[in-house]
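Notes follow the structure.
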Amino acid sequence: MDIANVVATYLADNGFGVLGTSIFVGYLPENTAGIYIDRIGGQLNNYVPIEESVVNIYVKNTSGSQAVGTLESIKNFIHRMHSTEKGGAYIYTFLVLGNIEDVARDLEYGKIYKMSLQVTFTNTGIIS
């Protein structure tokens with residue numbers, strides 16, 4: 001299960017964009033403002049089917065204030081959200097780690113900001 005894709009679908013289903021058009025998993029196309037999500041790590045518990053993963057949520061926009069505003073909206077919506085099912089995962093908690101960070105300006109002069117999100121979940125397909 002790709003937890004980054006689950007988070008992306010969750011954001012799309014809640015009005016933050018359209019998957020594949022303004023929300024992307026694993027890449028952010030050139031010349032495209034949008035939300036980009038990737039899994040950066042986590043811990044798999046081999047004895048209990050509960051996994052903790054960390055995903056980064058990036059927002060790219062030519063307006064830095066709009067990018068930060070989008071991340072603030074996501075943060076206010078998702079932080080401490082719990083007991084949610086989406087895409088074959090039962091999500092126990094979403095927890096925003098730290099604050100919004102200024103990452104860089106890309107070659108098209110879009111500002112990129114990010115925040116990290118810890119996701120504690122179970123793959124519902126492997127529960128016996």
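Ligands are numbered from 1 in the order shown, chains are lettered A, B, ... in the order of the structure tokens, and residues start at 1 in each chain.
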
Which neighbours of A:Lys60 fall inside 9 Å, counting only C-alpha atoms, when residues of the same chain fewer than 3 positions from it are skipped, and could you give them as a PDB file with N, CA and C atoms, in the first residue's frame?
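Final output, saved to part-v9.pdb:
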ATOM      1  N   LEU A  28       6.102  16.333  -9.181  1.00  0.00           N
ATOM      2  CA  LEU A  28       5.368  17.567  -9.468  1.00  0.00           C
ATOM      3  C   LEU A  28       5.793  18.004 -10.856  1.00  0.00           C
ATOM      4  N   THR A  32       3.654  23.512 -13.399  1.00  0.00           N
ATOM      5  CA  THR A  32       2.369  23.179 -12.799  1.00  0.00           C
ATOM      6  C   THR A  32       2.376  23.539 -11.320  1.00  0.00           C
ATOM      7  N   ALA A  33       1.479  24.430 -10.943  1.00  0.00           N
ATOM      8  CA  ALA A  33       1.277  24.691  -9.524  1.00  0.00           C
ATOM      9  C   ALA A  33       0.440  23.548  -8.973  1.00  0.00           C
ATOM     10  N   GLY A  34       0.680  23.167  -7.740  1.00  0.00           N
ATOM     11  CA  GLY A  34      -0.128  22.098  -7.180  1.00  0.00           C
ATOM     12  C   GLY A  34       0.437  21.556  -5.888  1.00  0.00           C
ATOM     13  N   ILE A  35      -0.128  20.448  -5.489  1.00  0.00           N
ATOM     14  CA  ILE A  35       0.233  19.745  -4.262  1.00  0.00           C
ATOM     15  C   ILE A  35       0.953  18.468  -4.670  1.00  0.00           C
ATOM     16  N   TYR A  36       2.063  18.190  -4.019  1.00  0.00           N
ATOM     17  CA  TYR A  36       2.891  17.024  -4.313  1.00  0.00           C
ATOM     18  C   TYR A  36       3.104  16.273  -3.006  1.00  0.00           C
ATOM     19  N   SER A  63       2.888  32.272  -6.338  1.00  0.00           N
ATOM     20  CA  SER A  63       2.650  33.158  -5.198  1.00  0.00           C
ATOM     21  C   SER A  63       2.960  32.403  -3.915  1.00  0.00           C
ATOM     22  N   GLY A  64       3.982  32.872  -3.207  1.00  0.00           N
ATOM     23  CA  GLY A  64       4.347  32.239  -1.945  1.00  0.00           C
ATOM     24  C   GLY A  64       3.221  32.268  -0.935  1.00  0.00           C
ATOM     25  N   GLN A  66       0.008  32.241  -1.486  1.00  0.00           N
ATOM     26  CA  GLN A  66      -1.016  31.249  -1.829  1.00  0.00           C
ATOM     27  C   GLN A  66      -0.548  29.838  -1.478  1.00  0.00           C
ATOM     28  N   ALA A  67       0.722  29.554  -1.687  1.00  0.00           N
ATOM     29  CA  ALA A  67       1.260  28.242  -1.340  1.00  0.00           C
ATOM     30  C   ALA A  67       1.168  28.009   0.165  1.00  0.00           C
ATOM     31  N   ARG A 105      12.871  27.807  -4.545  1.00  0.00           N
ATOM     32  CA  ARG A 105      12.199  28.344  -5.730  1.00  0.00           C
ATOM     33  C   ARG A 105      12.688  27.472  -6.884  1.00  0.00           C
ATOM     34  N   ASP A 106      11.757  26.982  -7.692  1.00  0.00           N
ATOM     35  CA  ASP A 106      12.168  26.100  -8.781  1.00  0.00           C
ATOM     36  C   ASP A 106      12.569  26.898 -10.017  1.00  0.00           C
ATOM     37  N   GLY A 110       8.512  29.185  -9.300  1.00  0.00           N
ATOM     38  CA  GLY A 110       7.447  28.839  -8.363  1.00  0.00           C
ATOM     39  C   GLY A 110       8.050  28.616  -6.987  1.00  0.00           C
ATOM     40  N   LYS A 111       7.389  29.128  -5.972  1.00  0.00           N
ATOM     41  CA  LYS A 111       7.827  28.896  -4.595  1.00  0.00           C
ATOM     42  C   LYS A 111       7.320  27.542  -4.138  1.00  0.00           C
ATOM     43  N   ILE A 112       8.146  26.830  -3.414  1.00  0.00           N
ATOM     44  CA  ILE A 112       7.777  25.511  -2.916  1.00  0.00           C
ATOM     45  C   ILE A 112       7.905  25.512  -1.397  1.00  0.00           C
ATOM     46  N   TYR A 113       6.829  25.117  -0.737  1.00  0.00           N
ATOM     47  CA  TYR A 113       6.787  24.991   0.716  1.00  0.00           C
ATOM     48  C   TYR A 113       6.374  23.565   1.048  1.00  0.00           C
ATOM     49  N   LYS A 114       6.707  23.124   2.261  1.00  0.00           N
ATOM     50  CA  LYS A 114       6.342  21.764   2.650  1.00  0.00           C
ATOM     51  C   LYS A 114       6.012  21.680   4.124  1.00  0.00           C
TER      52      LYS A 114
END

Exercise. Counting only C-alpha atoms, what is within 10 Å of stretch 55-58 of chain A, bar same-chain residues fewer than 3 positions away, as JSON, numbers by chain?
Worked result: {"A": [3, 4, 7, 8, 23, 24, 25, 28, 34, 35, 36, 37, 38, 39, 40, 41, 42, 67, 68, 70, 71, 74, 75, 96, 97, 100, 101, 102, 103, 112, 113, 114, 115, 116, 117, 118, 119]}

If you keep N, CA, C and O atoms, can you produce a file of those selected residues as a compact mmCIF listing (two decimals), in the first residue's frame?
# COMPACT_ATOMS: atom_id res chain seq x y z
N ILE A 3 1.01 4.76 1.12
CA ILE A 3 0.32 5.69 2.01
C ILE A 3 0.31 7.11 1.44
O ILE A 3 -0.61 7.89 1.72
N ALA A 4 1.29 7.46 0.63
CA ALA A 4 1.28 8.79 -0.01
C ALA A 4 0.08 8.91 -0.93
O ALA A 4 -0.58 9.96 -0.98
N VAL A 7 -3.07 9.41 1.22
CA VAL A 7 -3.18 10.79 1.69
C VAL A 7 -3.61 11.70 0.54
O VAL A 7 -4.47 12.57 0.72
N ALA A 8 -3.04 11.50 -0.63
CA ALA A 8 -3.41 12.32 -1.80
C ALA A 8 -4.89 12.16 -2.14
O ALA A 8 -5.60 13.14 -2.40
N ILE A 23 -3.11 17.58 -7.70
CA ILE A 23 -2.50 16.80 -6.62
C ILE A 23 -1.75 15.65 -7.25
O ILE A 23 -2.32 14.88 -8.04
N PHE A 24 -0.46 15.53 -6.91
CA PHE A 24 0.40 14.54 -7.54
C PHE A 24 1.11 13.71 -6.48
O PHE A 24 1.46 14.23 -5.43
N VAL A 25 1.34 12.44 -6.79
CA VAL A 25 2.05 11.54 -5.89
C VAL A 25 3.37 11.19 -6.53
O VAL A 25 3.41 10.70 -7.66
N LEU A 28 6.10 16.33 -9.18
CA LEU A 28 5.37 17.57 -9.47
C LEU A 28 5.79 18.00 -10.86
O LEU A 28 6.95 18.34 -11.09
N GLY A 34 0.68 23.17 -7.74
CA GLY A 34 -0.13 22.10 -7.18
C GLY A 34 0.44 21.56 -5.89
O GLY A 34 1.35 22.12 -5.29
N ILE A 35 -0.13 20.45 -5.49
CA ILE A 35 0.23 19.75 -4.26
C ILE A 35 0.95 18.47 -4.67
O ILE A 35 0.51 17.75 -5.57
N TYR A 36 2.06 18.19 -4.02
CA TYR A 36 2.89 17.02 -4.31
C TYR A 36 3.10 16.27 -3.01
O TYR A 36 3.43 16.88 -1.98
N ILE A 37 2.89 14.96 -3.01
CA ILE A 37 2.99 14.16 -1.79
C ILE A 37 3.93 13.00 -2.03
O ILE A 37 3.82 12.29 -3.03
N ASP A 38 4.85 12.78 -1.06
CA ASP A 38 5.70 11.60 -1.14
C ASP A 38 5.96 11.05 0.25
O ASP A 38 5.93 11.76 1.24
N ARG A 39 6.17 9.75 0.29
CA ARG A 39 6.49 9.07 1.54
C ARG A 39 7.98 9.16 1.76
O ARG A 39 8.76 8.84 0.86
N ILE A 40 8.38 9.61 2.96
CA ILE A 40 9.81 9.77 3.21
C ILE A 40 10.35 8.78 4.21
O ILE A 40 11.54 8.74 4.45
N GLY A 41 9.51 7.99 4.80
CA GLY A 41 10.00 7.00 5.75
C GLY A 41 8.92 6.56 6.69
O GLY A 41 7.75 6.88 6.54
N GLY A 42 9.34 5.81 7.68
CA GLY A 42 8.40 5.32 8.66
C GLY A 42 8.94 4.09 9.33
O GLY A 42 10.07 3.67 9.11
N ALA A 67 0.72 29.55 -1.69
CA ALA A 67 1.26 28.24 -1.34
C ALA A 67 1.17 28.01 0.16
O ALA A 67 0.72 26.95 0.61
N VAL A 68 1.58 28.99 0.94
CA VAL A 68 1.50 28.87 2.40
C VAL A 68 0.04 28.76 2.85
O VAL A 68 -0.30 27.96 3.72
N THR A 70 -2.46 27.47 1.20
CA THR A 70 -2.93 26.12 0.90
C THR A 70 -2.45 25.13 1.95
O THR A 70 -3.23 24.31 2.46
N LEU A 71 -1.17 25.22 2.31
CA LEU A 71 -0.65 24.32 3.35
C LEU A 71 -1.30 24.58 4.70
O LEU A 71 -1.57 23.64 5.45
N ILE A 74 -4.62 22.85 4.64
CA ILE A 74 -4.44 21.41 4.80
C ILE A 74 -4.10 21.08 6.24
O ILE A 74 -4.65 20.16 6.84
N LYS A 75 -3.19 21.86 6.83
CA LYS A 75 -2.78 21.64 8.21
C LYS A 75 -3.97 21.76 9.17
O LYS A 75 -4.17 20.89 10.02
N VAL A 96 0.57 16.48 12.20
CA VAL A 96 1.52 17.36 11.51
C VAL A 96 2.76 17.50 12.39
O VAL A 96 2.66 17.77 13.59
N LEU A 97 3.93 17.29 11.80
CA LEU A 97 5.20 17.39 12.51
C LEU A 97 5.85 18.72 12.20
O LEU A 97 6.10 19.02 11.04
N ILE A 100 5.31 24.69 8.71
CA ILE A 100 5.51 24.84 7.27
C ILE A 100 6.91 25.39 7.01
O ILE A 100 7.34 26.34 7.66
N GLU A 101 7.61 24.76 6.07
CA GLU A 101 8.99 25.15 5.75
C GLU A 101 9.08 25.68 4.33
O GLU A 101 8.46 25.15 3.42
N ASP A 102 9.91 26.71 4.15
CA ASP A 102 10.22 27.23 2.82
C ASP A 102 11.31 26.34 2.24
O ASP A 102 12.41 26.25 2.79
N VAL A 103 11.00 25.66 1.15
CA VAL A 103 11.96 24.71 0.58
C VAL A 103 12.86 25.37 -0.44
O VAL A 103 14.07 25.32 -0.34
N ILE A 112 8.15 26.83 -3.41
CA ILE A 112 7.78 25.51 -2.92
C ILE A 112 7.90 25.51 -1.40
O ILE A 112 8.95 25.88 -0.85
N TYR A 113 6.83 25.12 -0.74
CA TYR A 113 6.79 24.99 0.72
C TYR A 113 6.37 23.56 1.05
O TYR A 113 5.75 22.88 0.23
N LYS A 114 6.71 23.12 2.26
CA LYS A 114 6.34 21.76 2.65
C LYS A 114 6.01 21.68 4.12
O LYS A 114 6.39 22.54 4.93
N MET A 115 5.28 20.61 4.45
CA MET A 115 5.10 20.21 5.84
C MET A 115 5.14 18.70 5.89
O MET A 115 4.90 18.02 4.88
N SER A 116 5.49 18.17 7.04
CA SER A 116 5.58 16.73 7.21
C SER A 116 4.41 16.25 8.04
O SER A 116 3.96 16.92 8.97
N LEU A 117 3.93 15.06 7.71
CA LEU A 117 2.75 14.49 8.33
C LEU A 117 3.04 13.06 8.73
O LEU A 117 3.47 12.26 7.91
N GLN A 118 2.83 12.74 10.00
CA GLN A 118 2.95 11.37 10.46
C GLN A 118 1.59 10.71 10.36
O GLN A 118 0.59 11.26 10.81
N VAL A 119 1.56 9.53 9.75
CA VAL A 119 0.32 8.80 9.56
C VAL A 119 0.46 7.43 10.24
O VAL A 119 1.38 6.68 9.94

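As for atom CA of A:Gly98 and atom CA of A:Asp13, they are spaced 24.8 Å apart.
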
For this session: Between A:Thr62, A:His79, A:Ser73, A:Gly125, single out the one closest to A:Asn31, counting only C-alpha atoms.
Result: A:Thr62

Problem set entry | Which of chain A fall in strand (DSSP E or B), as a PyMOL selection string | chain A and resi 19+23-25+34-44+51-61+82-86+89-105+111-123
